[in-house]
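Colleague: my_file-v7.csv is reproduced in full below (CSV, C-alpha atoms and all ligand atoms).
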```csv
chain,number,residue,atom,x,y,z
A,26,MET,CA,88.1,169.1,72.3
A,27,SER,CA,84.7,170.7,72.0
A,28,GLU,CA,83.0,172.5,69.3
A,29,THR,CA,82.5,176.2,70.1
A,30,ASP,CA,79.2,177.9,69.4
A,31,TRP,CA,80.4,181.5,68.9
A,32,THR,CA,76.8,182.8,69.2
A,33,GLN,CA,76.2,181.3,72.6
A,34,GLU,CA,76.8,183.2,75.8
A,35,ILE,CA,73.7,185.3,75.0
A,36,THR,CA,72.8,187.3,78.0
A,37,ASP,CA,69.4,187.0,79.7
A,38,GLY,CA,68.4,190.4,78.4
A,39,THR,CA,68.6,192.2,81.8
A,40,GLY,CA,70.3,195.1,80.1
A,41,SER,CA,73.7,196.7,80.5
A,42,ASP,CA,74.6,198.4,83.7
A,43,GLY,CA,77.6,200.2,82.0
A,44,ASN,CA,80.1,198.3,84.2
A,45,ALA,CA,83.2,197.9,82.1
A,46,SER,CA,84.4,194.7,83.7
A,47,ALA,CA,81.0,193.1,83.3
A,48,ALA,CA,80.9,194.1,79.7
A,49,ALA,CA,84.4,192.7,79.1
A,50,SER,CA,83.4,189.4,80.6
A,51,GLU,CA,80.6,189.1,78.1
A,52,LEU,CA,83.0,189.3,75.2
A,53,ALA,CA,83.6,186.2,73.1
A,54,PHE,CA,87.3,187.1,72.6
A,55,SER,CA,89.7,188.8,75.1
A,56,SER,CA,91.7,190.7,72.5
A,57,LEU,CA,91.9,191.6,68.8
A,58,PRO,CA,94.8,189.0,68.3
A,59,ALA,CA,92.6,186.4,69.9
A,60,PHE,CA,89.7,187.3,67.6
A,61,VAL,CA,92.0,187.2,64.5
A,62,GLU,CA,93.9,184.0,65.4
A,63,ASP,CA,91.1,181.9,67.0
A,64,PHE,CA,88.2,183.0,64.9
A,65,PHE,CA,88.9,185.1,61.8
A,66,LEU,CA,91.7,182.8,60.4
A,67,LYS,CA,90.3,179.5,61.7
A,68,VAL,CA,86.7,180.0,60.8
A,69,CYS,CA,86.1,183.0,58.5
A,70,LEU,CA,89.1,182.9,56.2
A,71,ARG,CA,89.7,179.2,55.5
A,72,HIS,CA,90.0,179.5,51.7
A,73,GLU,CA,93.2,180.4,49.8
A,74,VAL,CA,93.4,184.2,49.5
A,75,SER,CA,95.7,186.2,47.3
A,76,ALA,CA,96.8,188.4,50.2
A,77,TRP,CA,97.3,188.0,53.9
A,78,CYS,CA,100.2,188.9,56.2
A,79,PRO,CA,101.1,187.1,59.4
A,80,LYS,CA,102.2,190.5,60.7
A,81,TRP,CA,98.7,191.9,60.1
A,82,TRP,CA,99.1,193.9,63.4
A,83,ASP,CA,101.8,196.0,61.7
A,84,HIS,CA,99.4,197.2,59.0
A,85,GLU,CA,97.3,200.0,60.5
A,86,GLU,CA,94.5,199.8,57.9
A,87,ALA,CA,94.2,196.0,58.6
A,88,VAL,CA,94.0,196.7,62.4
A,89,LEU,CA,91.4,199.3,61.9
A,90,ARG,CA,89.2,197.0,59.7
A,91,LEU,CA,89.7,194.0,61.9
A,92,GLU,CA,89.0,195.9,65.1
A,93,ALA,CA,85.8,197.3,63.6
A,94,LEU,CA,84.9,193.7,62.5
A,95,TRP,CA,85.4,192.4,66.0
A,96,ASP,CA,83.4,195.2,67.6
A,97,ALA,CA,80.5,194.4,65.2
A,98,PHE,CA,80.8,190.7,66.0
A,99,GLU,CA,80.6,191.2,69.7
A,100,ALA,CA,77.5,193.4,69.3
A,101,LEU,CA,75.7,191.3,66.6
A,102,ARG,CA,76.3,187.9,68.0
A,103,ARG,CA,73.9,188.7,70.8
A,104,GLU,CA,71.1,189.6,68.3
A,105,PRO,CA,68.7,186.7,68.1
A,106,GLY,CA,67.8,185.3,64.8
A,107,THR,CA,69.6,187.3,62.1
A,108,GLY,CA,72.4,188.9,64.1
A,109,THR,CA,75.1,186.5,62.8
A,110,ALA,CA,73.7,186.6,59.2
A,111,VAL,CA,73.7,190.4,59.3
A,112,TRP,CA,77.3,190.4,60.6
A,113,ILE,CA,78.4,188.1,57.8
A,114,ARG,CA,76.7,190.1,55.1
A,115,ASP,CA,77.4,193.7,56.3
A,116,TYR,CA,80.7,193.3,58.0
A,117,LEU,CA,82.6,190.0,57.4
A,118,ASP,CA,82.2,189.8,53.6
A,119,PRO,CA,83.2,193.5,52.9
A,120,THR,CA,86.1,193.2,55.3
A,121,VAL,CA,87.4,190.0,53.8
A,122,ALA,CA,87.0,191.6,50.3
A,123,ALA,CA,88.9,194.8,51.3
A,124,LEU,CA,91.7,192.9,53.0
A,125,THR,CA,92.3,190.3,50.3
A,126,SER,CA,91.4,191.7,46.9
A,127,PRO,CA,94.5,192.8,44.9
A,128,GLU,CA,93.2,196.3,44.4
A,129,THR,CA,92.5,197.1,48.0
A,130,THR,CA,94.6,194.9,50.2
A,131,PRO,CA,96.9,196.6,52.7
A,132,PHE,CA,99.1,193.5,52.4
A,133,ARG,CA,100.1,194.1,48.7
A,134,GLY,CA,103.8,194.4,49.6
A,135,CYS,CA,103.8,191.2,51.7
A,136,ASP,CA,104.4,187.6,50.7
A,137,ALA,CA,104.4,185.2,53.6
A,138,ARG,CA,106.0,182.4,51.4
A,139,ARG,CA,109.0,184.6,50.6
A,140,GLY,CA,109.1,186.1,54.1
A,141,ALA,CA,108.4,189.6,52.6
A,142,HIS,CA,106.7,192.2,54.8
A,143,HIS,CA,106.3,195.7,53.6
A,144,VAL,CA,104.3,198.5,55.3
A,145,GLY,CA,103.6,201.2,52.8
A,146,ARG,CA,104.1,204.8,53.7
A,147,ALA,CA,101.1,207.0,54.5
A,148,LEU,CA,99.9,209.3,51.8
A,149,THR,CA,100.5,213.0,52.4
A,150,ALA,CA,98.2,216.0,52.4
A,151,ASP,CA,99.1,219.6,51.9
A,152,ALA,CA,97.6,222.1,54.4
A,153,PRO,CA,94.4,223.8,53.1
A,154,PRO,CA,94.2,227.6,52.8
A,155,PRO,CA,93.7,229.3,56.2
A,156,GLY,CA,90.0,229.8,57.0
A,157,MET,CA,88.7,227.3,54.5
A,158,PHE,CA,87.5,224.9,57.2
A,159,VAL,CA,86.0,225.3,60.6
A,160,VAL,CA,88.3,224.1,63.3
A,161,HIS,CA,86.5,222.6,66.3
A,162,THR,CA,87.7,222.6,69.8
A,163,ILE,CA,88.3,219.0,71.0
A,164,GLU,CA,88.0,218.3,74.7
A,165,ASP,CA,90.9,216.8,76.5
A,166,GLU,CA,90.5,213.1,76.1
A,167,ASP,CA,92.7,212.1,79.0
A,168,ALA,CA,90.7,214.2,81.4
A,169,SER,CA,87.3,213.0,80.2
A,170,SER,CA,88.2,209.3,80.0
A,171,ALA,CA,89.7,209.4,83.5
A,172,GLU,CA,86.5,210.9,84.9
A,173,THR,CA,84.1,208.5,83.2
A,174,GLY,CA,86.3,205.5,82.9
A,175,ASP,CA,85.3,205.5,79.3
A,176,GLY,CA,88.2,205.0,76.9
A,177,ALA,CA,86.1,205.7,73.8
A,178,ALA,CA,87.4,208.5,71.5
A,179,LYS,CA,85.4,211.6,71.7
A,180,THR,CA,86.8,213.5,68.8
A,181,GLN,CA,84.5,215.0,66.2
A,182,ARG,CA,85.5,215.0,62.5
A,201,ZN,ZN,103.0,192.6,56.1
```
I'd like the structure from this file rewritten - as structure tokens, please.

Modeller:
Amino acid sequence: MSETDWTQEITDGTGSDGNASAAASELAFSSLPAFVEDFFLKVCLRHEVSAWCPKWWDHEEAVLRLEALWDAFEALRREPGTGTAVWIRDYLDPTVAALTSPETTPFRGCDARRGAHHVGRALTADAPPPGMFVVHTIEDEDASSAETGDGAAKTQR
């Protein structure tokens, strides 16, 4: 058993060559579930909270927030000095607050002790009057990501 220093593995600063496999090998965690199970729940969220769901991956809002938190962690853990402190202040604390406070938690219908798991329905929106908003043309994501090897979303909102 060894103590893990999550901020280690800092690269030598030679810069990124844009190679996806090289970038992946520099990640501290191989997947979002690994980040959540091995770090978020074991290190960041050790205290008793009013809301959490073992099926967090079934709550889209939680997945969105946790994925953004992981992305920010992977970027900021490489920043010398204040990177981890900035991540805690600007990303971890607001994410924990949003996921666990009674007013905002996406897990409000869940209770792990009773085995309850409820995913709320998405809110609806009526279509706006025609011509009220500009409609942008969005390039074909499949074609562009296949050409560049970049899976990042290219939509504009
Ligand atoms: Zn749930």

Colleague: Tell me, in Å to one decimal, how far atom CA of Phe54 of chain A is from atom CA of Cys69 of chain A.

Modeller: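 Interatomic distance here is 14.7 Å.
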
Colleague: Set out as JSON lines a contact list for chain A and ligand ZN 201 (chain A) with a cut-off of 8 Å, giving each residue of chain A that qualifies its closest atom pair and distance in Å to one decimal, counting all atoms listed in the file, ordered by chain and rising residue number.

Modeller:
```
{"residue": "A:Trp77", "atom": "CA", "partner": "A:ZN201", "partner_atom": "ZN", "distance": 7.6}
{"residue": "A:Cys78", "atom": "CA", "partner": "A:ZN201", "partner_atom": "ZN", "distance": 4.6}
{"residue": "A:Pro79", "atom": "CA", "partner": "A:ZN201", "partner_atom": "ZN", "distance": 6.7}
{"residue": "A:Lys80", "atom": "CA", "partner": "A:ZN201", "partner_atom": "ZN", "distance": 5.1}
{"residue": "A:Trp81", "atom": "CA", "partner": "A:ZN201", "partner_atom": "ZN", "distance": 5.9}
{"residue": "A:Asp83", "atom": "CA", "partner": "A:ZN201", "partner_atom": "ZN", "distance": 6.7}
{"residue": "A:His84", "atom": "CA", "partner": "A:ZN201", "partner_atom": "ZN", "distance": 6.5}
{"residue": "A:Phe132", "atom": "CA", "partner": "A:ZN201", "partner_atom": "ZN", "distance": 5.5}
{"residue": "A:Gly134", "atom": "CA", "partner": "A:ZN201", "partner_atom": "ZN", "distance": 6.8}
{"residue": "A:Cys135", "atom": "CA", "partner": "A:ZN201", "partner_atom": "ZN", "distance": 4.7}
{"residue": "A:Asp136", "atom": "CA", "partner": "A:ZN201", "partner_atom": "ZN", "distance": 7.5}
{"residue": "A:Ala137", "atom": "CA", "partner": "A:ZN201", "partner_atom": "ZN", "distance": 7.9}
{"residue": "A:Ala141", "atom": "CA", "partner": "A:ZN201", "partner_atom": "ZN", "distance": 7.1}
{"residue": "A:His142", "atom": "CA", "partner": "A:ZN201", "partner_atom": "ZN", "distance": 3.9}
{"residue": "A:His143", "atom": "CA", "partner": "A:ZN201", "partner_atom": "ZN", "distance": 5.2}
{"residue": "A:Val144", "atom": "CA", "partner": "A:ZN201", "partner_atom": "ZN", "distance": 6.1}
```

Colleague: Just C-alpha atoms for this one: save the residues we selected as a JSON list (two decimals), in the coordinates of the input.

Modeller:
```
[["chain", "number", "residue", "atom", "x", "y", "z"],
["A", 77, "TRP", "CA", 97.30, 188.00, 53.90],
["A", 78, "CYS", "CA", 100.20, 188.90, 56.20],
["A", 79, "PRO", "CA", 101.10, 187.10, 59.40],
["A", 80, "LYS", "CA", 102.20, 190.50, 60.70],
["A", 81, "TRP", "CA", 98.70, 191.90, 60.10],
["A", 83, "ASP", "CA", 101.80, 196.00, 61.70],
["A", 84, "HIS", "CA", 99.40, 197.20, 59.00],
["A", 132, "PHE", "CA", 99.10, 193.50, 52.40],
["A", 134, "GLY", "CA", 103.80, 194.40, 49.60],
["A", 135, "CYS", "CA", 103.80, 191.20, 51.70],
["A", 136, "ASP", "CA", 104.40, 187.60, 50.70],
["A", 137, "ALA", "CA", 104.40, 185.20, 53.60],
["A", 141, "ALA", "CA", 108.40, 189.60, 52.60],
["A", 142, "HIS", "CA", 106.70, 192.20, 54.80],
["A", 143, "HIS", "CA", 106.30, 195.70, 53.60],
["A", 144, "VAL", "CA", 104.30, 198.50, 55.30]]
```

Colleague: If you measure from atom CA of Ser56 of chain A to atom CA of Leu124 of chain A, what distance in Å do you get, rounded to one decimal?

Modeller: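 Going from atom CA of Ser56 of chain A over to atom CA of Leu124 of chain A covers 19.6 Å.
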
Colleague: Could you tell me how far atom CA of Arg133 of chain A sits from atom CA of Trp112 of chain A, in Å to one decimal place?

Modeller: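 Here the two named atoms are 26.0 Å from each other.
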
Colleague: Rank A:Ala53, A:Leu91, A:Ile163, A:Ala147 by their smallest atom-to-atom distance to Asp118 of chain A, using all atoms listed in the file, and report the top residue only.

Modeller: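 Counting all atoms listed in the file, the residue closest to Asp118 of chain A is A:Leu91.
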
Colleague: For Gly145 of chain A, which of A:Thr162, A:Glu86, A:Asp96, A:Leu66 is the closest residue, counting all atoms listed in the file?

Modeller: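 Closest candidate: A:Glu86.
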
Colleague: Quick one: of A:Ala59, A:Trp82, A:Val159, A:Val68, who's nearest to Leu117 of chain A, counting only C-alpha atoms?

Modeller: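 With only C-alpha atoms as the atom set, the closest residue is A:Val68.
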
Colleague: Using all atoms listed in the file, pick whichever of A:Glu51, A:Glu85, A:Glu73, A:Glu62 has the shortest atom-to-atom distance to Pro131 of chain A.

Modeller: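 Of A:Glu51, A:Glu85, A:Glu73, A:Glu62, the one nearest Pro131 of chain A, counting all atoms listed in the file, is A:Glu85.
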
Colleague: Between A:His161, A:Leu148, A:Gly108, A:Val74, which is the closest to Ser126 of chain A once you count only C-alpha atoms?

Modeller: A:Val74

Colleague: Atoms are missing here; could segment 105-131 of chain A be completed with N, CA and C atoms and written as a compact mmCIF listing (two decimals), keeping the file's coordinate frame?

Modeller:
```
# COMPACT_ATOMS: atom_id res chain seq x y z
N PRO A 105 69.32 188.00 68.46
CA PRO A 105 68.70 186.70 68.10
C PRO A 105 68.28 186.67 66.66
N GLY A 106 68.25 185.50 66.13
CA GLY A 106 67.80 185.30 64.80
C GLY A 106 68.77 185.66 63.71
N THR A 107 68.77 186.92 63.27
CA THR A 107 69.60 187.30 62.10
C THR A 107 70.88 187.99 62.43
N GLY A 108 71.24 188.11 63.71
CA GLY A 108 72.40 188.90 64.10
C GLY A 108 73.69 188.36 63.37
N THR A 109 73.93 187.08 63.40
CA THR A 109 75.10 186.50 62.80
C THR A 109 75.07 186.67 61.25
N ALA A 110 73.89 186.48 60.68
CA ALA A 110 73.70 186.60 59.20
C ALA A 110 74.00 188.07 58.80
N VAL A 111 73.51 189.00 59.57
CA VAL A 111 73.70 190.40 59.30
C VAL A 111 75.23 190.73 59.38
N TRP A 112 75.88 190.18 60.41
CA TRP A 112 77.30 190.40 60.60
C TRP A 112 78.09 189.87 59.38
N ILE A 113 77.74 188.69 58.92
CA ILE A 113 78.40 188.10 57.80
C ILE A 113 78.24 188.99 56.53
N ARG A 114 76.97 189.37 56.27
CA ARG A 114 76.70 190.10 55.10
C ARG A 114 77.23 191.55 55.10
N ASP A 115 77.03 192.24 56.22
CA ASP A 115 77.40 193.70 56.30
C ASP A 115 78.78 193.96 56.75
N TYR A 116 79.41 193.02 57.44
CA TYR A 116 80.70 193.30 58.00
C TYR A 116 81.81 192.32 57.59
N LEU A 117 81.56 191.02 57.74
CA LEU A 117 82.60 190.00 57.40
C LEU A 117 82.94 190.05 55.91
N ASP A 118 81.93 189.89 55.06
CA ASP A 118 82.20 189.80 53.60
C ASP A 118 82.92 191.05 53.08
N PRO A 119 82.45 192.27 53.40
CA PRO A 119 83.20 193.50 52.90
C PRO A 119 84.59 193.57 53.49
N THR A 120 84.78 193.14 54.73
CA THR A 120 86.10 193.20 55.30
C THR A 120 87.06 192.24 54.66
N VAL A 121 86.60 191.02 54.44
CA VAL A 121 87.40 190.00 53.80
C VAL A 121 87.78 190.54 52.35
N ALA A 122 86.79 191.10 51.66
CA ALA A 122 87.00 191.60 50.30
C ALA A 122 88.09 192.73 50.33
N ALA A 123 87.97 193.64 51.27
CA ALA A 123 88.90 194.80 51.30
C ALA A 123 90.31 194.32 51.71
N LEU A 124 90.39 193.33 52.58
CA LEU A 124 91.70 192.90 53.00
C LEU A 124 92.41 191.96 52.04
N THR A 125 91.65 191.29 51.18
CA THR A 125 92.30 190.30 50.30
C THR A 125 92.25 190.55 48.84
N SER A 126 91.45 191.51 48.38
CA SER A 126 91.40 191.70 46.90
C SER A 126 92.69 192.49 46.51
N PRO A 127 93.23 192.15 45.34
CA PRO A 127 94.50 192.80 44.90
C PRO A 127 94.45 194.29 44.84
N GLU A 128 93.27 194.86 44.54
CA GLU A 128 93.20 196.30 44.40
C GLU A 128 93.21 197.04 45.72
N THR A 129 92.70 196.42 46.77
CA THR A 129 92.50 197.10 48.00
C THR A 129 93.35 196.61 49.19
N THR A 130 93.97 195.47 49.07
CA THR A 130 94.60 194.90 50.20
C THR A 130 95.77 195.73 50.78
N PRO A 131 95.80 195.89 52.10
CA PRO A 131 96.90 196.60 52.70
C PRO A 131 98.18 195.69 52.74
```
